[in-house]
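Chemist: File target.txt follows (compact mmCIF, C-alpha atoms):
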# COMPACT_ATOMS: atom_id res chain seq x y z
CA MET A 38 15.38 22.68 -24.75
CA ILE A 39 17.15 21.20 -21.74
CA LEU A 40 15.95 17.91 -20.22
CA THR A 41 18.10 16.48 -17.44
CA SER A 42 16.00 13.47 -16.44
CA GLN A 43 13.69 10.84 -17.86
CA ASN A 44 10.92 12.13 -15.58
CA ALA A 45 11.08 15.50 -17.35
CA VAL A 46 10.89 13.78 -20.75
CA HIS A 47 7.85 11.71 -19.76
CA ALA A 48 6.09 14.74 -18.30
CA LEU A 49 6.76 16.87 -21.37
CA ASN A 50 5.63 14.10 -23.72
CA GLU A 51 2.35 13.69 -21.80
CA VAL A 52 1.60 17.42 -21.86
CA VAL A 53 2.47 17.84 -25.55
CA ASN A 54 0.27 14.91 -26.57
CA ARG A 55 -2.59 16.30 -24.51
CA TRP A 56 -2.11 19.76 -26.07
CA ILE A 57 -2.02 18.42 -29.63
CA ASN A 58 -5.16 16.33 -29.17
CA GLU A 59 -7.31 18.58 -26.99
CA LYS A 60 -10.71 19.54 -28.39
CA THR A 61 -11.21 22.85 -26.58
CA ASN A 62 -8.98 25.81 -25.83
CA SER A 63 -8.34 27.38 -22.41
CA HIS A 64 -11.58 29.39 -22.72
CA GLY A 65 -13.70 26.29 -23.39
CA LYS A 66 -14.22 27.06 -27.06
CA VAL A 67 -14.60 23.97 -29.26
CA LEU A 68 -11.75 23.74 -31.75
CA LYS A 69 -11.70 22.42 -35.29
CA THR A 70 -9.87 19.33 -34.18
CA ASP A 71 -8.25 18.21 -37.42
CA GLU A 72 -7.00 21.66 -38.38
CA ILE A 73 -5.68 22.59 -34.98
CA LYS A 74 -4.03 19.19 -34.56
CA VAL A 75 -2.08 19.57 -37.82
CA TYR A 76 -1.11 23.13 -36.86
CA ARG A 77 0.12 22.15 -33.39
CA GLN A 78 2.00 19.11 -34.68
CA ALA A 79 3.80 21.41 -37.11
CA ARG A 80 4.71 23.84 -34.32
CA TRP A 81 6.02 21.01 -32.14
CA LYS A 82 8.02 19.54 -35.01
CA LYS A 83 9.59 22.95 -35.65
CA LEU A 84 10.64 23.20 -32.01
CA LEU A 85 12.25 19.76 -32.25
CA ASP A 86 14.41 20.98 -35.14
CA LEU A 87 16.36 22.94 -32.50
CA PRO A 88 19.02 21.23 -30.34
CA VAL A 89 17.81 19.25 -27.32
CA PHE A 90 20.32 19.04 -24.47
CA VAL A 91 20.21 16.09 -22.09
CA VAL A 92 22.24 14.63 -19.23
CA GLY A 93 23.20 11.06 -20.01
CA GLN A 94 22.32 8.36 -22.48
CA ALA A 95 19.16 7.20 -20.69
CA THR A 96 17.56 10.65 -20.95
CA GLY A 97 18.68 10.91 -24.57
CA SER A 98 17.11 7.54 -25.37
CA ALA A 99 13.86 8.62 -23.70
CA CYS A 100 13.83 11.76 -25.86
CA LEU A 101 14.40 9.72 -28.99
CA SER A 102 11.62 7.21 -28.28
CA LEU A 103 9.01 9.65 -26.94
CA LEU A 104 9.59 13.18 -28.24
CA PHE A 105 11.15 12.24 -31.59
CA GLU A 106 8.86 9.26 -32.18
CA GLY A 107 9.19 8.00 -35.74
CA ARG A 108 12.35 9.93 -36.55
CA SER A 109 15.77 8.37 -37.15
CA ARG A 110 18.59 9.03 -34.69
CA ASN A 111 20.60 10.89 -37.33
CA SER A 112 17.76 13.36 -37.94
CA CYS A 113 17.59 14.38 -34.25
CA ASP A 114 19.91 16.97 -32.72
CA ILE A 115 20.25 15.48 -29.22
CA ARG A 116 23.33 16.69 -27.35
CA GLY A 117 24.90 15.75 -24.02
CA GLU A 118 24.35 11.99 -24.03
CA LYS A 119 27.98 11.43 -23.07
CA THR A 120 27.67 13.65 -20.02
CA GLY A 121 26.73 12.06 -16.72
CA LYS A 122 25.99 15.17 -14.70
CA ALA A 123 24.85 18.76 -15.13
CA SER A 124 28.32 20.21 -14.53
CA ALA A 125 29.60 18.23 -17.52
CA LEU A 126 26.73 19.47 -19.71
CA LEU A 127 27.27 23.13 -18.79
CA PRO A 128 30.38 23.73 -20.99
CA GLU A 129 28.55 22.23 -23.98
CA LEU A 130 25.57 24.49 -23.34
CA LEU A 131 27.76 27.58 -23.04
CA GLY A 132 29.62 26.64 -26.22
CA PHE A 133 26.29 26.50 -28.04
CA CYS A 134 25.35 29.91 -26.59
CA ASN A 135 28.66 31.38 -27.76
CA ALA A 136 28.02 30.14 -31.29
CA CYS A 137 24.51 31.63 -31.25
CA ASN A 138 25.86 34.98 -30.04
CA VAL A 139 28.38 35.06 -32.87
CA LEU A 140 25.96 33.97 -35.61
CA ASP A 141 22.83 35.85 -34.56
CA ASN A 142 24.33 38.64 -32.46
CA GLU A 143 21.81 37.93 -29.70
CA GLN A 144 21.45 35.72 -26.67
CA PRO A 145 19.58 32.44 -27.17
CA ARG A 146 16.65 31.47 -24.97
CA LEU A 147 17.02 28.11 -23.24
CA LEU A 148 13.90 26.26 -22.10
CA PHE A 149 14.72 24.10 -19.07
CA PHE A 150 12.21 21.38 -18.10
CA CYS A 151 13.11 20.35 -14.57
CA GLY A 152 11.76 18.90 -11.34
CA ASP A 153 10.90 20.81 -8.18
CA GLN A 154 14.12 19.57 -6.55
CA ARG A 155 16.51 20.47 -9.36
CA ARG A 156 20.09 21.45 -8.53
CA ASP A 157 21.44 24.97 -9.08
CA THR A 158 24.30 23.89 -11.35
CA LEU A 159 22.77 24.84 -14.71
CA PRO A 160 20.72 27.91 -13.67
CA THR A 161 23.65 29.41 -11.77
CA GLY A 162 26.23 28.58 -14.44
CA ILE A 163 24.10 30.02 -17.24
CA ALA A 164 23.19 33.14 -15.26
CA GLU A 165 26.81 33.85 -14.34
CA SER A 166 27.92 33.43 -17.97
CA HIS A 167 25.55 36.19 -19.20
CA LYS A 168 25.35 34.26 -22.48
CA ALA A 169 21.73 33.11 -22.51
CA GLU A 170 18.28 33.63 -21.04
CA LEU A 171 17.09 30.60 -19.10
CA VAL A 172 13.35 29.90 -18.81
CA GLU A 173 12.55 27.22 -16.23
CA VAL A 174 9.43 25.06 -16.37
CA THR A 175 8.79 22.78 -13.39
CA SER A 176 7.43 19.77 -15.23
CA TYR A 177 7.18 17.28 -12.35
CA THR A 178 7.29 17.18 -8.57
CA THR A 179 8.81 14.63 -6.22
CA VAL A 180 6.24 13.25 -3.78
CA PRO A 181 7.37 11.18 -0.76
CA ARG A 182 5.87 7.73 -0.29
CA ASP A 183 4.82 6.09 2.96
CA GLN A 184 8.01 4.84 4.65
CA GLN A 185 6.47 1.67 6.05
CA LYS A 186 5.04 0.71 2.67
CA VAL A 187 8.44 1.21 1.04
CA LYS A 188 10.05 -0.88 3.79
CA HIS A 189 7.60 -3.77 3.25
CA GLU A 190 8.16 -3.61 -0.53
CA LEU A 191 11.93 -3.63 -0.02
CA LEU A 192 11.82 -6.64 2.31
CA ASP A 193 9.53 -8.44 -0.12
CA ALA A 194 11.95 -7.72 -2.96
CA ILE A 195 14.85 -9.08 -0.91
CA ASP A 196 12.89 -12.26 -0.17
CA ARG A 197 12.15 -12.74 -3.86
CA ILE A 198 15.76 -12.12 -4.88
CA THR A 199 17.24 -14.54 -2.34
CA PHE A 200 14.63 -17.18 -3.19
CA LYS A 201 15.52 -16.89 -6.88
CA MET A 202 19.25 -16.99 -6.08
CA ASN A 203 18.72 -20.21 -4.13
CA LYS A 204 16.62 -21.67 -6.95
CA ILE A 205 19.33 -21.13 -9.56
CA GLY A 206 22.04 -22.35 -7.19
CA CYS A 207 24.07 -19.20 -6.58
CA LEU A 208 22.86 -18.26 -3.10
CA SER A 209 25.62 -20.20 -1.31
CA ASP A 210 28.27 -18.18 -3.21
CA SER A 211 26.93 -14.97 -1.62
CA LEU A 212 26.79 -16.27 1.96
CA TYR A 213 29.34 -16.03 4.71
CA SER A 214 29.17 -16.76 8.43
CA THR A 215 29.89 -14.46 11.35
CA HIS A 216 29.35 -15.31 15.03
CA GLY A 217 27.38 -18.38 13.99
CA THR A 218 24.95 -16.41 11.82
CA SER A 219 24.61 -16.82 8.05
CA VAL A 220 24.94 -13.43 6.36
CA ILE A 221 24.09 -12.38 2.82
CA THR A 222 25.21 -9.18 1.10
CA ILE A 223 22.40 -7.26 -0.60
CA TRP A 224 23.32 -4.57 -3.11
CA VAL A 225 20.96 -1.59 -3.28
CA VAL A 226 21.32 0.62 -6.36
CA LEU A 227 20.11 4.21 -6.01
CA PHE A 228 19.34 6.41 -9.01
CA SER A 229 18.60 9.79 -7.46
CA PRO A 230 19.25 11.92 -4.35
CA SER A 231 15.54 11.84 -3.48
CA GLY A 232 15.60 8.05 -3.66
CA ALA A 233 18.61 8.01 -1.36
CA ARG A 234 16.80 10.18 1.18
CA VAL A 235 13.92 7.69 1.27
CA VAL A 236 15.84 4.41 1.21
CA VAL A 237 18.84 5.01 3.51
CA PRO A 238 16.76 5.57 6.69
CA ILE A 239 14.80 2.41 5.88
CA LEU A 240 17.98 0.38 5.47
CA ASP A 241 19.22 1.75 8.80
CA GLU A 242 15.94 0.75 10.44
CA ILE A 243 16.05 -2.76 8.97
CA SER A 244 19.66 -3.23 10.10
CA LYS A 245 18.98 -1.98 13.65
CA GLN A 246 15.90 -4.18 14.02
CA GLY A 247 17.87 -7.21 12.92
CA ASP A 248 15.28 -8.25 10.35
CA PHE A 249 16.06 -11.53 8.62
CA VAL A 250 15.25 -12.55 5.08
CA GLN A 251 13.86 -16.01 4.45
CA ALA A 252 14.96 -17.71 1.25
CA LEU A 253 13.35 -21.07 2.03
CA PRO A 254 11.10 -22.42 4.78
CA HIS A 255 13.02 -22.92 8.05
CA THR A 256 16.10 -21.06 6.70
CA SER A 257 16.95 -17.40 7.27
CA TYR A 258 19.87 -15.09 6.66
CA LYS A 259 20.96 -11.80 8.17
CA GLU A 260 21.29 -9.18 5.46
CA VAL A 261 24.13 -6.68 5.12
CA PHE A 262 23.45 -3.84 2.73
CA ARG A 263 25.93 -2.33 0.32
CA ILE A 264 25.05 0.68 -1.79
CA ALA A 265 25.74 1.68 -5.38
CA ALA A 266 25.02 5.12 -6.87
CA ILE A 267 24.20 6.03 -10.47
CA GLY A 268 26.50 9.07 -10.34
CA ASN A 269 28.24 11.81 -8.36
CA THR A 270 25.11 13.69 -7.33
CA THR A 271 23.48 10.63 -5.77
CA ALA A 272 26.79 9.57 -4.19
CA SER A 273 27.19 13.05 -2.63
CA GLU A 274 23.70 12.80 -1.14
CA LEU A 275 24.56 9.38 0.32
CA VAL A 276 27.62 10.87 2.02
CA LYS A 277 25.45 13.63 3.50
CA LEU A 278 23.19 10.89 4.87
CA GLY A 279 26.13 9.32 6.69
CA ILE A 280 27.26 6.62 4.25
CA ASP A 281 31.04 6.17 4.10
CA GLU A 282 32.15 7.49 0.71
CA GLN A 283 34.69 4.69 0.28
CA SER A 284 31.97 2.07 0.67
CA ILE A 285 29.82 3.45 -2.18
CA ALA A 286 30.13 1.76 -5.57
CA LYS A 287 29.79 4.70 -7.96
CA ALA A 288 29.03 4.26 -11.66
CA ASN A 289 31.48 6.02 -13.97
CA GLU A 290 28.67 6.53 -16.48
CA PRO A 291 24.95 6.88 -15.64
CA ASN A 292 23.58 3.70 -17.20
CA GLU A 293 23.31 -0.06 -16.68
CA ARG A 294 26.83 -0.69 -17.95
CA GLY A 295 28.25 1.86 -15.53
CA ILE A 296 26.46 0.22 -12.60
CA CYS A 297 27.60 -3.27 -13.65
CA ASN A 298 31.19 -2.09 -13.92
CA ALA A 299 31.01 -0.45 -10.50
CA LEU A 300 29.67 -3.63 -8.87
CA THR A 301 32.22 -5.81 -10.67
CA CYS A 302 35.08 -3.70 -9.32
CA ARG A 303 33.83 -4.37 -5.78
What is this structure when it is put down as structure tokens?

Modeler:
Amino acid sequence: MILTSQNAVHALNEVVNRWINEKTNSHGKVLKTDEIKVYRQARWKKLLDLPVFVVGQATGSACLSLLFEGRSRNSCDIRGEKTGKASALLPELLGFCNACNVLDNEQPRLLFFCGDQRRDTLPTGIAESHKAELVEVTSYTTVPRDQQKVKHELLDAIDRITFKMNKIGCLSDSLYSTHGTSVITIWVVLFSPSGARVVVPILDEISKQGDFVQALPHTSYKEVFRIAAIGNTTASELVKLGIDEQSIAKANEPNERGICNALTCR
């Protein structure tokens, strides 16, 4: 199995649990619940004895806690946690396929659980290698949210952050003055290309409208946004959206530590 995002893991876990516990089959026939549940749990467990390929530590951790629930880390064959992008996972996948071809003298079948906006990196790389059969399952879809609602939530979050910064006494360290206006830098961390496509236009709109954030009554600050990206794919999308590449703080590994390191270096 290939799972490149936490969304795919959550979707697969929900479907598997529903399948194991359902009381009727696809034709509406009532099943012998206890017997079928034991049988399906055994089939699922057998599938999990095969390698599971992931992109990044966060997806690997989601697999461990949801799909491999109750099993120790050493008993799970999760691969790719040190990769931060699909292009880094591809050589590991192809190496596995080579080993299967040598041992079994046949191409392995790879089951790829992905979103409706998945990149072509893995499908194209695997197809061009002629080393495996890839079966794609679209396990989740990305649905846009109302832009104005997202904008209001973002402004509310900024208000709460600045209020808390003032409360603990660190707001003044983040302020500077330009043309007689107090300015505060707000870091926005983006974790996906789809998130970037939603948030960047909103940030542009807020900046053009000159919206102010209010940390305390009778005090306001002009916000300047800086952007951090969880990895190369999100950073590339930000560049396409017009963000200067040099201004993006990019994590060198797709996790909290990588983001913290990227912000510290700025």

Chemist: Can you list, as a list in words, every protein, DNA or RNA residue that comes within 8 Å of Asp86 (chain A) when you count only C-alpha atoms, leaving out same-chain residues fewer than 2 positions away?

Modeler: Lys82, Lys83, Leu84, Pro88, Cys113 and Asp114 of chain A

Chemist: Which one is closest to Tyr177 (chain A): A:Cys151, A:Ala288, A:Val226, A:Leu278? Count only C-alpha atoms.

Modeler: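 Closest candidate: A:Cys151.
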
Chemist: I'd like a table as a tab-separated table: residues in region 167-241 of chain A with an atom no more than 10 Å from region 42-57 of chain A, each row giving the shortest atom pair and its distance in Å to one decimal, all atoms listed in the file counted, sorted by chain and rising residue number.

Modeler:
residue	atom	partner	partner_atom	distance
A:Val174	CA	A:Ala45	CA	9.8
A:Thr175	CA	A:Ala45	CA	8.6
A:Ser176	CA	A:Ala45	CA	6.0
A:Tyr177	CA	A:Ala48	CA	6.6
A:Thr178	CA	A:Asn44	CA	9.4
A:Thr179	CA	A:Asn44	CA	9.9

Chemist: Would you export the selected residues with C-alpha atoms as an mmCIF file, keeping the file's coordinate frame, please?

Modeler:
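out_14.cif was written with the following content:
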data_model
loop_
_atom_site.group_PDB
_atom_site.id
_atom_site.type_symbol
_atom_site.label_atom_id
_atom_site.label_comp_id
_atom_site.auth_asym_id
_atom_site.auth_seq_id
_atom_site.Cartn_x
_atom_site.Cartn_y
_atom_site.Cartn_z
ATOM 1 C CA VAL A 174 9.430 25.060 -16.370
ATOM 2 C CA THR A 175 8.790 22.780 -13.390
ATOM 3 C CA SER A 176 7.430 19.770 -15.230
ATOM 4 C CA TYR A 177 7.180 17.280 -12.350
ATOM 5 C CA THR A 178 7.290 17.180 -8.570
ATOM 6 C CA THR A 179 8.810 14.630 -6.220
#

Chemist: Measure the distance from CA of Met38 (chain A) to CA of Leu130 (chain A) in Å and round it to one decimal.

Modeler: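 Distance reported for this atom pair: 10.4 Å.
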
Chemist: Nearest residue to Gly117 (chain A) out of A:Ala79, A:Val89, A:Cys100, A:Leu171, using all atoms listed in the file?

Modeler: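 Smallest distance to Gly117 (chain A) is found for A:Val89.
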
Chemist: Compile the contact shell of region 134-141 of chain A as a PyMOL selection string: residues with an atom at most 12 Å away, counting all atoms listed in the file, same-chain residues fewer than 6 positions apart removed.

Modeler: chain A and resi 87-88+127-128+147+163-164+166-171

Chemist: Between A:Ile296, A:Ser229, A:Phe149, A:Arg155, which residue has the minimum interatomic distance to Val172 (chain A), considering only C-alpha atoms?

Modeler: A:Phe149

Chemist: Name all residues at most 12 Å from Asp241 (chain A) (count all atoms listed in the file; drop same-chain ones fewer than 5 positions away) and give them as a list in words.

Modeler: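 Listing them by chain and then by number gives Lys188, Ala233, Arg234, Val235, Val236, Gln246, Gly247, Asp248, Glu260, Val261, Phe262, Arg263, Leu278, Gly279 and Ile280 of chain A.
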
Chemist: Would you mind telling me which residue in A:Gln283, A:Thr41, A:Thr199, A:Asn111 lies nearest to Ala265 (chain A) when using all atoms listed in the file?

Modeler: A:Gln283

Chemist: Could you jot down the CA of Ile115 (chain A) to CA of Phe90 (chain A) separation for me, Å, one decimal place?

Modeler: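 Computing the Euclidean distance for CA of Ile115 (chain A) and CA of Phe90 (chain A) yields 5.9 Å.
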
Chemist: From the list A:Trp224, A:Asp196, A:Lys201, A:Gln154, which residue is nearest Val180 (chain A) when using all atoms listed in the file?

Modeler: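 The shortest atom-to-atom distance to Val180 (chain A) comes from A:Gln154.
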
Chemist: Select, from A:Thr301, A:Asn269, A:Thr120, A:Ser244, the residue with the minimum atom-to-atom distance to Val91 (chain A), counting only C-alpha atoms.

Modeler: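 Counting only C-alpha atoms, the residue closest to Val91 (chain A) is A:Thr120.
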
Chemist: Could you check how far CA of Leu300 (chain A) sits from CA of Gly121 (chain A), in Å to one decimal?

Modeler: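 Atom-to-atom, CA of Leu300 (chain A) and CA of Gly121 (chain A) are spaced 17.8 Å apart.
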
Chemist: With 3 Å added on each side, what axis-aligned box encloses every listed atom of region 85-104 of chain A? Give the centre and edge lengths in Å to one decimal, as JSON.

Modeler:
{"center_x": 16.1, "center_y": 15.1, "center_z": -27.2, "size_x": 20.2, "size_y": 21.7, "size_z": 21.9}
